[in-house]
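Okay, structure first, notes after.
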Amino acid sequence: MEYEAAVKGPLKLKGTANKDIQKKLKKKNKEKNAASLKVDQLADIKESELKEISDPLKFPDYFGVRKLFRIKDLFDARIHYGHKDGTLDPNMKPYIFGSRLGHLIFDLDKTAEMLQDALNFTAHIAYRGGIILFVSHCPQHTLTVENAAKQAGEYAHAREWDFHIFTNSEKVYNGVTRLPDLVILLSTLNPQMQEHTAVKDAAKMCIPTIGIVDSNSNPNLITYPIPGNDDSPAAVQLYCNLFRDAILLGKSKKPVEVY
Amino acid sequence: MASSRLERIGNIYSRVRGLLRSGAMKPEDKPIWYEVYEAFPPKVEPQYGRKASEITIHPIFYPEDIVRAKFYERFGSPGLISLANNEYPTPCQKFLDRYKEMEKGFSDENELFEAVAKVMEEEKSVPESVSSNQPDNGTSMASMFSSAVSKSQPQPKINVGDLLTEK
């Protein structure tokens, strides 16, 4: 089952993955320092090589996630549609453009900005070899979410959430587990219209979350909330495509592993 | 290895930073996302008990809405409208386009509306005017109710005793 694979990674202790990356970064820094000492050889190094040995975190958009979408794409996918006035969560007020005869409309400028931040974060996590878990409990969108995760080479949990799979994972899976490094929520509500357990549990386990928050959801616990419609299939398809593309972009620039 | 599960206190970054500073978490155990979060922090820091801002949600209205309201009052709804189809304009949209074209010639809104209505009716681009038909065909609740009352036949008196005796 995919949700088992989601948390039960290769039998590694939590710190090991970081150690691998630390080793890679040390190697890169050695190369960088060696290059900087030999001034006359700098000219020989190609621009592409220079970029590879510098730190992706220093670029505002290293993976080019801004090119993945335009505001018109958000509009066509009906991301600006919220629910009605009565179901508005007060914490969502800053992201609402206005109310058209009772129907709330999201401010797509703000949504676009927050979506760019989220996609950038996703790409960086994928670049660093993080495990990404797509979570959704809407039965309508299960297939979309699972396909996107498969295409991205990451994991999905689009079924009923088992309690304790984050907070008590080692008992549930009978072994050492590696929890995801990023949780992407395509909907922060479960079918009972309550906050999805993954939101609270990821916050408990210090896992950053990216979540699509509709007008009836609470964005406070989510690290990178994205205000927008989470109910239309077209909207969910767009989000899945964007996150999948961001992950693939991050992985495409992954440094070649040298042992 | 230490961890902090208090989701309502601070946020994940502040808690992990605290663990690292105090030495409870070793630098090699630093999570993958820590440096990425430091480089690209979210615009609004996640906080459980953050108070909602006191912003009033404004209704969205356009100047054309007045014309739209008059149009629907006069002509009623055309029935099915496909919201996904952007190619063909709805009767209301066509009306609005013509309204804008003819706006310069008139100073009074009502006169302009009547003029445009006349033109569109002649071209048969709009459905038949609702007000020109009999009151029975009105689409409002009140008119439908009154027409139902007038149409309804008096209910036959049922004698339960008769029903039971007759077989």
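By order of appearance in the structure tokens: chains A, B, ..., then residues from 1 within every chain, and ligands from 1 in the order shown.
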Taking the chain letters and numbering used in this document, name the residues of stretch 30-172 of chain A that DSSP puts in strand (DSSP E or B), as a compact mmCIF listing (two decimals) with C-alpha atoms, in the first residue's frame.
```txt
# COMPACT_ATOMS: atom_id res chain seq x y z
CA TYR A 81 -14.10 30.37 -6.43
CA GLY A 82 -14.61 30.10 -2.69
CA HIS A 83 -17.61 28.89 -0.76
CA LYS A 84 -20.38 31.14 0.49
CA ILE A 96 -10.55 37.09 -0.21
CA PHE A 97 -10.96 39.60 -3.01
CA GLY A 98 -14.66 40.12 -2.39
CA SER A 99 -18.07 38.55 -2.30
CA ARG A 100 -20.13 38.27 -5.49
CA HIS A 103 -20.04 33.72 -3.28
CA LEU A 104 -16.52 34.46 -2.07
CA ILE A 105 -13.82 35.16 -4.64
CA PHE A 106 -10.12 34.70 -3.87
CA ILE A 132 7.24 14.26 -0.25
CA LEU A 133 3.79 13.01 0.69
CA PHE A 134 0.65 14.12 -1.13
CA VAL A 135 -2.35 13.98 1.19
CA TYR A 155 4.26 9.21 -2.30
CA ALA A 156 0.56 9.78 -1.73
CA HIS A 157 -1.97 9.10 0.98
```
**OP:** Please return, as a ChimeraX atom specification, all residues of chain A lying within 8 Å of chain B when only C-alpha atoms are considered.
**Re:** /A:14-16,18-19,22,57-58,90-94,96-102,114,117,121,124-125,128,130,181-182,200,203-208,219-224
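Checking A:Pro233, A:Ala112, A:Thr177, A:Asp162 one by one against A:Asp73, counting only C-alpha atoms, you find the shortest gap at A:Ala112.
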**OP:** For atom CA of A:Ile210 and atom CA of A:Thr122, quote the distance in Å rounded to one decimal.
**Re:** 8.5 Å
Original post:
Please, which residues of stretch 107-206 of chain A, numbered as in this document, come out helix (DSSP H, G or I) from DSSP, as a count of residues only?
Top reply: 46
**OP:** Record the distance separating atom CA of A:Glu170 and atom CA of A:Gln192, expressed in Å with one decimal.
**Re:**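 So the two atoms, atom CA of A:Glu170 and atom CA of A:Gln192, lie 27.9 Å apart.
Proximity of A:Ile212, A:Val236, A:Val176, A:Ala126 to A:Leu189, computed with only C-alpha atoms, is greatest for A:Ile212.
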**OP:** Measure the distance from atom CA of A:Ala246 to atom CA of A:Leu143 in Å and round it to one decimal.
**Re:**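 Rounded to one decimal, the two atoms are 19.5 Å apart.
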